[in-house]
$ cat protein27.txt   # compact mmCIF, C-alpha atoms
# COMPACT_ATOMS: atom_id res chain seq x y z
CA MET A 3 167.22 45.03 132.25
CA LYS A 4 165.77 48.29 133.57
CA LEU A 5 162.30 47.78 132.14
CA GLN A 6 159.66 50.36 133.01
CA GLY A 7 156.62 52.19 131.67
CA SER A 8 153.61 50.83 129.82
CA ILE A 9 153.93 47.26 128.57
CA VAL A 10 151.01 45.94 126.55
CA ALA A 11 149.70 42.49 127.45
CA LEU A 12 149.04 41.71 123.81
CA ILE A 13 146.04 39.82 122.48
CA THR A 14 146.50 37.09 119.87
CA PRO A 15 144.45 37.76 116.72
CA PHE A 16 142.69 34.83 115.07
CA TYR A 17 141.11 34.15 111.71
CA GLU A 18 137.48 32.99 111.58
CA ASP A 19 138.68 29.36 111.53
CA GLY A 20 140.55 29.90 114.80
CA THR A 21 144.08 29.89 113.41
CA VAL A 22 146.52 32.66 114.33
CA ASN A 23 146.30 35.71 112.08
CA PHE A 24 149.98 36.58 111.75
CA ASP A 25 149.37 39.38 109.26
CA ARG A 26 147.13 41.16 111.77
CA LEU A 27 149.59 40.42 114.57
CA GLY A 28 152.31 42.19 112.61
CA GLU A 29 150.12 45.22 112.01
CA ILE A 30 149.21 45.43 115.70
CA LEU A 31 152.85 45.16 116.76
CA ASP A 32 153.87 47.97 114.40
CA TRP A 33 150.98 50.14 115.61
CA GLN A 34 151.81 49.55 119.26
CA ILE A 35 155.40 50.63 118.71
CA ALA A 36 154.35 53.66 116.67
CA GLN A 37 152.03 54.64 119.55
CA GLY A 38 154.99 54.63 121.93
CA THR A 39 154.41 51.49 123.98
CA ASP A 40 157.43 50.72 126.15
CA GLY A 41 157.31 46.94 125.77
CA ILE A 42 155.39 43.97 124.39
CA LEU A 43 154.23 40.98 126.42
CA VAL A 44 153.24 38.12 124.17
CA LEU A 45 151.67 34.79 125.22
CA GLY A 46 150.25 36.09 128.48
CA THR A 47 146.75 35.56 129.84
CA THR A 48 145.40 38.18 127.42
CA GLY A 49 147.09 36.35 124.55
CA GLU A 50 145.08 33.16 125.21
CA SER A 51 148.23 31.07 125.28
CA SER A 52 146.60 28.56 127.64
CA THR A 53 144.32 27.45 124.79
CA MET A 54 147.04 27.40 122.14
CA SER A 55 149.32 24.51 121.28
CA HIS A 56 153.03 24.62 122.12
CA GLU A 57 153.72 24.88 118.39
CA GLU A 58 151.44 27.91 118.09
CA ASP A 59 153.07 29.50 121.14
CA ASP A 60 156.49 29.01 119.59
CA ALA A 61 155.40 30.45 116.26
CA VAL A 62 153.79 33.54 117.85
CA CYS A 63 156.83 34.16 120.01
CA ARG A 64 159.27 33.81 117.13
CA TYR A 65 157.17 36.00 114.85
CA THR A 66 156.85 38.71 117.50
CA ILE A 67 160.57 38.81 118.23
CA ASP A 68 161.40 38.98 114.52
CA ARG A 69 158.79 41.64 113.76
CA VAL A 70 159.69 43.86 116.71
CA ALA A 71 163.36 43.52 115.77
CA GLY A 72 164.69 45.14 118.92
CA ARG A 73 162.58 48.30 118.70
CA VAL A 74 161.16 47.68 122.18
CA PRO A 75 161.70 44.85 124.68
CA VAL A 76 159.72 41.66 124.11
CA ILE A 77 158.62 39.65 127.13
CA ALA A 78 157.53 36.09 126.39
CA GLY A 79 155.04 34.28 128.59
CA SER A 80 156.73 30.93 129.13
CA GLY A 81 154.77 29.83 132.16
CA SER A 82 153.32 26.44 132.97
CA ASN A 83 152.07 24.63 136.05
CA SER A 84 154.75 22.05 135.27
CA THR A 85 158.16 23.38 136.28
CA GLU A 86 159.83 21.13 133.70
CA THR A 87 157.63 22.47 130.91
CA GLN A 88 158.19 26.04 132.10
CA ILE A 89 161.96 25.50 131.94
CA GLU A 90 161.75 24.00 128.44
CA LYS A 91 159.67 26.88 127.11
CA SER A 92 161.82 29.47 128.86
CA VAL A 93 165.04 28.10 127.41
CA LYS A 94 163.47 27.97 123.95
CA TYR A 95 162.18 31.56 124.05
CA ALA A 96 165.44 32.85 125.47
CA LYS A 97 167.27 31.29 122.52
CA MET A 98 164.75 32.91 120.15
CA GLY A 99 165.79 36.30 121.49
CA ALA A 100 163.14 37.22 124.05
CA ASP A 101 164.37 40.05 126.26
CA ALA A 102 162.63 38.67 129.37
CA LEU A 103 160.31 35.87 130.43
CA LEU A 104 157.05 35.95 132.38
CA CYS A 105 156.58 32.84 134.52
CA ILE A 106 153.35 32.03 136.32
CA THR A 107 152.59 30.32 139.61
CA PRO A 108 151.84 26.56 139.40
CA TYR A 109 148.08 26.70 138.91
CA TYR A 110 145.89 23.69 139.80
CA ILE A 111 148.86 21.89 141.37
CA LYS A 112 149.57 24.83 143.71
CA ALA A 113 152.67 24.23 145.88
CA ASN A 114 154.13 24.68 149.32
CA ALA A 115 156.56 27.55 149.90
CA GLU A 116 159.66 25.60 148.91
CA GLY A 117 158.01 24.17 145.82
CA MET A 118 156.90 27.67 144.82
CA TYR A 119 160.44 28.97 145.28
CA ARG A 120 162.00 26.22 143.17
CA HIS A 121 159.32 26.57 140.47
CA PHE A 122 160.75 30.02 139.72
CA ALA A 123 164.36 29.71 140.85
CA ASP A 124 165.04 26.64 138.71
CA VAL A 125 163.82 28.51 135.62
CA ALA A 126 165.97 31.52 136.46
CA ASP A 127 168.97 29.21 136.88
CA ALA A 128 168.38 27.67 133.46
CA VAL A 129 168.25 30.82 131.30
CA ASP A 130 170.42 33.85 130.67
CA VAL A 131 167.61 36.40 130.29
CA PRO A 132 165.68 38.04 133.15
CA VAL A 133 162.64 36.33 134.65
CA ILE A 134 159.52 38.17 135.85
CA LEU A 135 157.31 36.40 138.39
CA TYR A 136 153.57 36.42 137.63
CA ASN A 137 151.26 36.52 140.65
CA VAL A 138 147.61 36.25 139.62
CA PRO A 139 145.75 34.15 142.23
CA GLY A 140 142.35 34.93 140.73
CA ARG A 141 143.40 32.82 137.74
CA THR A 142 145.68 30.25 139.35
CA GLY A 143 144.18 29.62 142.78
CA CYS A 144 147.52 30.23 144.46
CA SER A 145 149.66 33.23 145.39
CA ILE A 146 153.39 33.56 145.91
CA PRO A 147 153.94 33.84 149.67
CA VAL A 148 155.47 37.16 150.70
CA GLU A 149 158.44 35.37 152.24
CA THR A 150 159.02 33.51 148.98
CA VAL A 151 158.96 36.78 147.04
CA ALA A 152 161.64 38.03 149.43
CA ARG A 153 163.81 35.00 148.64
CA LEU A 154 163.24 35.19 144.89
CA ALA A 155 163.99 38.94 144.83
CA LYS A 156 167.58 38.08 145.77
CA HIS A 157 168.06 35.79 142.76
CA PRO A 158 170.40 37.52 140.30
CA ASN A 159 168.31 36.51 137.29
CA ILE A 160 164.85 37.40 138.62
CA CYS A 161 164.18 41.03 137.73
CA GLY A 162 160.65 41.64 138.97
CA ILE A 163 157.07 40.60 139.59
CA LYS A 164 153.84 41.22 137.72
CA GLU A 165 151.51 41.77 140.67
CA ALA A 166 147.94 41.02 139.55
CA SER A 167 146.26 39.95 142.77
CA GLY A 168 144.40 43.24 143.12
CA ASP A 169 145.31 43.11 146.82
CA ILE A 170 146.90 46.40 147.85
CA SER A 171 147.90 44.93 151.22
CA TYR A 172 149.91 42.22 149.46
CA ALA A 173 151.50 44.79 147.16
CA VAL A 174 152.55 46.88 150.15
CA LYS A 175 154.23 43.87 151.74
CA ILE A 176 156.26 42.92 148.67
CA ALA A 177 157.13 46.57 147.99
CA ARG A 178 159.68 46.25 150.79
CA TYR A 179 161.79 44.07 148.51
CA LEU A 180 161.87 46.35 145.47
CA SER A 181 165.19 47.65 144.18
CA ASP A 182 166.90 48.53 140.92
CA ASP A 183 167.33 44.77 140.42
CA PHE A 184 163.81 43.68 141.40
CA ARG A 185 160.89 45.70 140.11
CA MET A 186 157.13 45.50 140.43
CA PHE A 187 154.74 45.87 137.50
CA CYS A 188 151.06 46.45 138.07
CA GLY A 189 148.89 43.75 136.54
CA ASN A 190 145.53 45.46 137.16
CA ASP A 191 144.80 48.55 135.06
CA ASP A 192 142.34 49.96 137.59
CA ILE A 193 144.99 50.31 140.32
CA THR A 194 148.02 51.32 138.28
CA LEU A 195 148.58 54.56 140.18
CA PRO A 196 148.27 53.01 143.66
CA LEU A 197 150.96 50.48 142.75
CA LEU A 198 153.15 53.15 141.16
CA SER A 199 152.89 55.03 144.47
CA LEU A 200 154.31 51.93 146.18
CA GLY A 201 157.32 51.94 143.88
CA ALA A 202 156.12 49.94 140.88
CA SER A 203 158.03 50.64 137.69
CA GLY A 204 155.09 50.39 135.33
CA VAL A 205 152.08 48.41 134.21
CA ILE A 206 151.56 45.30 132.11
CA SER A 207 148.32 46.49 130.61
CA VAL A 208 145.19 45.10 128.94
CA TRP A 209 143.88 48.64 128.37
CA ALA A 210 146.99 49.42 126.31
CA ASN A 211 145.67 47.13 123.56
CA ILE A 212 143.21 49.87 122.60
CA MET A 213 144.84 53.05 123.97
CA PRO A 214 148.61 52.48 124.12
CA ALA A 215 149.55 56.15 123.89
CA ALA A 216 147.21 57.19 126.71
CA CYS A 217 148.38 54.37 128.94
CA ARG A 218 152.01 55.19 128.30
CA LYS A 219 151.46 58.89 128.99
CA MET A 220 149.72 58.16 132.28
CA VAL A 221 152.60 56.03 133.52
CA ALA A 222 155.25 58.38 132.16
CA ASP A 223 153.55 61.33 133.84
CA TYR A 224 153.59 59.59 137.19
CA LEU A 225 157.21 58.46 136.92
CA ALA A 226 158.20 62.01 135.94
CA GLY A 227 156.50 63.47 139.00
CA ARG A 228 153.42 64.78 137.22
CA HIS A 229 151.18 62.97 139.68
CA GLN A 230 148.04 65.03 139.21
CA GLN A 231 148.06 64.57 135.44
CA ALA A 232 148.48 60.83 135.93
CA LEU A 233 145.66 60.71 138.46
CA ASP A 234 143.40 62.65 136.13
CA ALA A 235 144.01 60.06 133.41
CA GLN A 236 143.47 57.10 135.75
CA LEU A 237 140.11 58.52 136.79
CA GLN A 238 139.14 59.70 133.31
CA TYR A 239 139.51 56.23 131.84
CA LEU A 240 138.46 54.19 134.88
CA ASP A 241 135.00 53.36 133.49
CA LEU A 242 136.56 52.18 130.24
CA ILE A 243 139.16 50.12 132.08
CA ASN A 244 136.45 48.50 134.20
CA GLY A 245 134.42 47.88 131.06
CA LEU A 246 137.30 45.84 129.66
CA PHE A 247 136.75 43.43 132.54
CA MET A 248 132.95 43.20 132.58
CA GLU A 249 133.47 39.66 131.30
CA VAL A 250 136.55 37.51 131.66
CA ASN A 251 139.67 38.86 129.96
CA PRO A 252 140.37 38.91 127.00
CA ILE A 253 136.76 38.73 125.79
CA PRO A 254 135.93 42.44 126.26
CA VAL A 255 139.24 43.84 125.02
CA LYS A 256 139.10 41.80 121.81
CA GLU A 257 135.50 42.91 121.33
CA ALA A 258 136.63 46.51 121.88
CA MET A 259 139.37 46.12 119.28
CA ASN A 260 136.86 44.73 116.80
CA LEU A 261 134.52 47.65 117.53
CA LEU A 262 137.43 49.94 116.66
CA GLY A 263 137.85 48.15 113.32
CA MET A 264 141.04 46.31 114.26
CA ASP A 265 139.65 42.93 113.12
CA VAL A 266 141.35 40.69 115.67
CA GLY A 267 138.82 37.86 115.35
CA GLY A 268 137.27 35.74 118.03
CA TYR A 269 138.36 33.46 120.85
CA ARG A 270 139.43 29.97 121.69
CA LEU A 271 136.92 27.86 123.59
CA PRO A 272 135.90 27.87 126.36
CA LEU A 273 135.92 31.64 125.78
CA CYS A 274 132.90 32.82 123.81
CA PRO A 275 131.66 36.17 122.43
CA MET A 276 130.17 38.75 124.79
CA THR A 277 126.47 38.82 125.43
CA GLY A 278 124.57 41.41 123.42
CA GLU A 279 123.79 43.41 126.55
CA HIS A 280 127.43 43.60 127.56
CA ARG A 281 128.54 44.39 124.01
CA ALA A 282 126.15 47.34 123.86
CA ALA A 283 127.31 48.52 127.29
CA LEU A 284 130.97 48.30 126.25
CA ALA A 285 130.31 50.24 123.05
CA GLY A 286 128.60 52.96 125.07
CA ILE A 287 131.51 53.23 127.50
CA MET A 288 133.96 53.41 124.61
CA LYS A 289 132.03 56.24 122.99
CA GLN A 290 131.96 58.13 126.29
CA ALA A 291 135.74 57.75 126.44
CA GLY A 292 136.01 59.42 123.03
CA LEU A 293 136.83 56.30 121.00
CA ASP A 294 135.61 56.04 117.42
CA ILE A 295 133.34 53.01 117.10
CA LYS A 296 133.21 51.63 113.57

$ encode --input "protein27.txt" --output "structure tokens"
Amino acid sequence: MKLQGSIVALITPFYEDGTVNFDRLGEILDWQIAQGTDGILVLGTTGESSTMSHEEDDAVCRYTIDRVAGRVPVIAGSGSNSTETQIEKSVKYAKMGADALLCITPYYIKANAEGMYRHFADVADAVDVPVILYNVPGRTGCSIPVETVARLAKHPNICGIKEASGDISYAVKIARYLSDDFRMFCGNDDITLPLLSLGASGVISVWANIMPAACRKMVADYLAGRHQQALDAQLQYLDLINGLFMEVNPIPVKEAMNLLGMDVGGYRLPLCPMTGEHRAALAGIMKQAGLDIK
């Protein structure tokens, strides 16, 4: 699967009682596609899947695949710190029709190099859809060793890595292993262009939840050789992008969506609403970026 461009790391909307708001989810999916997003990631970090039950994860994944109906690729976050659980979820989502799977490093448990390799390779052996590695040590406390990335890049069913360490040096090292069969996707909106310059094929974006068309255009401009236009956009929206991370993700982006009138609800504990000071600061940044606060 030659996936590239702007892929939204989708939030999960909730009702006031904390249950999943599937009606709003459907509206957001349709809007994202109408805005030109190149792909949908569901059940990632931004989707709060770590605080949802397996049954809720399954229902959100199935609903998303059915609603998108092949209009753009759907990537399902099937990760777990238990390799066995990750395999079970991956097989299930592949059978549902997910176009690819995002699998995370074994947080809390961590692993040695061989354990890290098998954590991903065993999943890729068990499914018939492409697997994307997810490296986000700020969340998991562990990173995929460069040498292990090199081994995994050779696996015929591992198609890429979401690189969200924020470490350009690490990204440079794994860029040596990129090919048509193993792609890198930026996992940090503030350094999308630097990673594209290293050969990344796109971004898996939090920012795209509120500005999918702008995010897509920035990436498309860069990939088409319009580097200055892409750089202008990265710098123009950098304050907004940083504002979406002034508190832990996805608190600010869901607040931003609510400020835009998208009514995506609140959070699952231990996530809580933004402080009043941060909320006011975010609203100000959004207005400066030209967004229409409701």

$ closest_atom_pairs --input "protein27.txt" --of "segment 34-71 of chain A" --to "segment 95-108 of chain A" --cutoff "12 Å" --atoms "only C-alpha atoms" --output "CSV"
residue,atom,partner,partner_atom,distance
A:Gly41,CA,A:Asp101,CA,9.9
A:Ile42,CA,A:Asp101,CA,10.0
A:Leu43,CA,A:Leu104,CA,8.3
A:Val44,CA,A:Leu104,CA,9.3
A:Leu45,CA,A:Leu104,CA,9.0
A:Gly46,CA,A:Leu104,CA,7.8
A:Thr47,CA,A:Ile106,CA,9.9
A:Ser52,CA,A:Ile106,CA,11.5
A:His56,CA,A:Tyr95,CA,11.6
A:Asp59,CA,A:Tyr95,CA,9.8
A:Asp60,CA,A:Tyr95,CA,7.7
A:Ala61,CA,A:Tyr95,CA,10.4
A:Val62,CA,A:Tyr95,CA,10.6
A:Cys63,CA,A:Tyr95,CA,7.2
A:Arg64,CA,A:Met98,CA,6.3
A:Tyr65,CA,A:Met98,CA,9.8
A:Thr66,CA,A:Ala100,CA,9.2
A:Ile67,CA,A:Ala100,CA,6.6
A:Asp68,CA,A:Gly99,CA,8.7
A:Arg69,CA,A:Gly99,CA,11.7
A:Val70,CA,A:Ala100,CA,10.5
A:Ala71,CA,A:Gly99,CA,9.5

$ atom_distance --input "protein27.txt" --atom1 "atom CA of Glu90 of chain A" --atom2 "atom CA of Arg120 of chain A"
14.9 Å

$ residues_around --input "protein27.txt" --residues "His280 of chain A" --least-positions-apart "4" --cutoff "8 Å" --atoms "all atoms listed in the file" --output "mmCIF file with C-alpha atoms, in the frame of the given file"
data_model
loop_
_atom_site.group_PDB
_atom_site.id
_atom_site.type_symbol
_atom_site.label_atom_id
_atom_site.label_comp_id
_atom_site.auth_asym_id
_atom_site.auth_seq_id
_atom_site.Cartn_x
_atom_site.Cartn_y
_atom_site.Cartn_z
ATOM 1 C CA MET A 248 132.950 43.200 132.580
ATOM 2 C CA MET A 276 130.170 38.750 124.790
ATOM 3 C CA LEU A 284 130.970 48.300 126.250
#

$ residues_around --input "protein27.txt" --residues "Thr14 of chain A" --least-positions-apart "3" --cutoff "8 Å" --atoms "only C-alpha atoms" --output "ChimeraX atom specification"
/A:22-23,27,45,48-50,266

$ closest_residue --input "protein27.txt" --among "A:Asp294, A:Asp124, A:Asp182, A:Glu249" --to "Met264 of chain A" --atoms "only C-alpha atoms"
A:Asp294

$ residues_around --input "protein27.txt" --residues "segment 130-135 of chain A" --least-positions-apart "4" --cutoff "10 Å" --atoms "only C-alpha atoms" --output "VMD selection string"
chain A and resid 3 77 to 81 92 to 93 95 to 97 99 to 107 122 to 123 125 to 126 146 151 154 to 155 157 to 165 184 to 187

$ write_last_selection --input "protein27.txt" --atoms "C-alpha atoms" --output "compact mmCIF listing (two decimals), in the coordinates of the input"
# COMPACT_ATOMS: atom_id res chain seq x y z
CA MET A 3 167.22 45.03 132.25
CA ILE A 77 158.62 39.65 127.13
CA ALA A 78 157.53 36.09 126.39
CA GLY A 79 155.04 34.28 128.59
CA SER A 80 156.73 30.93 129.13
CA GLY A 81 154.77 29.83 132.16
CA SER A 92 161.82 29.47 128.86
CA VAL A 93 165.04 28.10 127.41
CA TYR A 95 162.18 31.56 124.05
CA ALA A 96 165.44 32.85 125.47
CA LYS A 97 167.27 31.29 122.52
CA GLY A 99 165.79 36.30 121.49
CA ALA A 100 163.14 37.22 124.05
CA ASP A 101 164.37 40.05 126.26
CA ALA A 102 162.63 38.67 129.37
CA LEU A 103 160.31 35.87 130.43
CA LEU A 104 157.05 35.95 132.38
CA CYS A 105 156.58 32.84 134.52
CA ILE A 106 153.35 32.03 136.32
CA THR A 107 152.59 30.32 139.61
CA PHE A 122 160.75 30.02 139.72
CA ALA A 123 164.36 29.71 140.85
CA VAL A 125 163.82 28.51 135.62
CA ALA A 126 165.97 31.52 136.46
CA ILE A 146 153.39 33.56 145.91
CA VAL A 151 158.96 36.78 147.04
CA LEU A 154 163.24 35.19 144.89
CA ALA A 155 163.99 38.94 144.83
CA HIS A 157 168.06 35.79 142.76
CA PRO A 158 170.40 37.52 140.30
CA ASN A 159 168.31 36.51 137.29
CA ILE A 160 164.85 37.40 138.62
CA CYS A 161 164.18 41.03 137.73
CA GLY A 162 160.65 41.64 138.97
CA ILE A 163 157.07 40.60 139.59
CA LYS A 164 153.84 41.22 137.72
CA GLU A 165 151.51 41.77 140.67
CA PHE A 184 163.81 43.68 141.40
CA ARG A 185 160.89 45.70 140.11
CA MET A 186 157.13 45.50 140.43
CA PHE A 187 154.74 45.87 137.50

$ residues_around --input "protein27.txt" --residues "Cys274 of chain A" --least-positions-apart "6" --cutoff "10 Å" --atoms "only C-alpha atoms" --output "ChimeraX atom specification"
/A:250,253,268

$ closest_residue --input "protein27.txt" --among "A:Ala232, A:Met220, A:Ile176, A:Ala291" --to "Pro147 of chain A" --atoms "all atoms listed in the file"
A:Ile176

$ closest_residue --input "protein27.txt" --among "A:Gly143, A:Leu293, A:Ile243, A:Ala128" --to "Ile193 of chain A" --atoms "all atoms listed in the file"
A:Ile243

$ closest_atom_pairs --input "protein27.txt" --of "segment 17-126 of chain A" --to "segment 199-216 of chain A" --cutoff "7 Å" --atoms "only C-alpha atoms" --output "Markdown table"
| residue | atom | partner | partner_atom | distance |
| --- | --- | --- | --- | --- |
| A:Gln34 | CA | A:Pro214 | CA | 6.5 |
| A:Gln37 | CA | A:Ala215 | CA | 5.2 |
| A:Gly38 | CA | A:Ala215 | CA | 6.0 |
| A:Thr39 | CA | A:Pro214 | CA | 5.9 |

$ decode --input "protein27.txt" --residues "segment 156-182 of chain A" --atoms "C-alpha atoms" --output "PDB file, in the first residue's frame"
ATOM      1  CA  LYS A 156      12.839  -5.977   5.528  1.00  0.00           C
ATOM      2  CA  HIS A 157       9.639  -7.729   6.622  1.00  0.00           C
ATOM      3  CA  PRO A 158       7.342  -8.031   3.597  1.00  0.00           C
ATOM      4  CA  ASN A 159       4.251  -7.061   5.594  1.00  0.00           C
ATOM      5  CA  ILE A 160       5.660  -4.056   7.473  1.00  0.00           C
ATOM      6  CA  CYS A 161       5.101  -0.983   5.314  1.00  0.00           C
ATOM      7  CA  GLY A 162       6.392   1.876   7.442  1.00  0.00           C
ATOM      8  CA  ILE A 163       6.920   3.654  10.733  1.00  0.00           C
ATOM      9  CA  LYS A 164       5.123   6.507  12.448  1.00  0.00           C
ATOM     10  CA  GLU A 165       8.112   8.356  13.883  1.00  0.00           C
ATOM     11  CA  ALA A 166       6.938  10.441  16.854  1.00  0.00           C
ATOM     12  CA  SER A 167      10.045  10.688  19.001  1.00  0.00           C
ATOM     13  CA  GLY A 168      10.690  14.293  17.994  1.00  0.00           C
ATOM     14  CA  ASP A 169      14.361  13.315  17.685  1.00  0.00           C
ATOM     15  CA  ILE A 170      15.681  14.423  14.297  1.00  0.00           C
ATOM     16  CA  SER A 171      18.903  12.470  14.848  1.00  0.00           C
ATOM     17  CA  TYR A 172      16.910   9.255  15.247  1.00  0.00           C
ATOM     18  CA  ALA A 173      14.844  10.068  12.164  1.00  0.00           C
ATOM     19  CA  VAL A 174      18.015  10.596  10.129  1.00  0.00           C
ATOM     20  CA  LYS A 175      19.324   7.186  11.180  1.00  0.00           C
ATOM     21  CA  ILE A 176      16.175   5.277  10.240  1.00  0.00           C
ATOM     22  CA  ALA A 177      15.827   7.256   6.992  1.00  0.00           C
ATOM     23  CA  ARG A 178      18.588   5.039   5.609  1.00  0.00           C
ATOM     24  CA  TYR A 179      16.112   2.159   5.522  1.00  0.00           C
ATOM     25  CA  LEU A 180      13.288   3.893   3.659  1.00  0.00           C
ATOM     26  CA  SER A 181      12.123   2.520   0.323  1.00  0.00           C
ATOM     27  CA  ASP A 182       8.954   2.127  -1.707  1.00  0.00           C
TER      28      ASP A 182
END
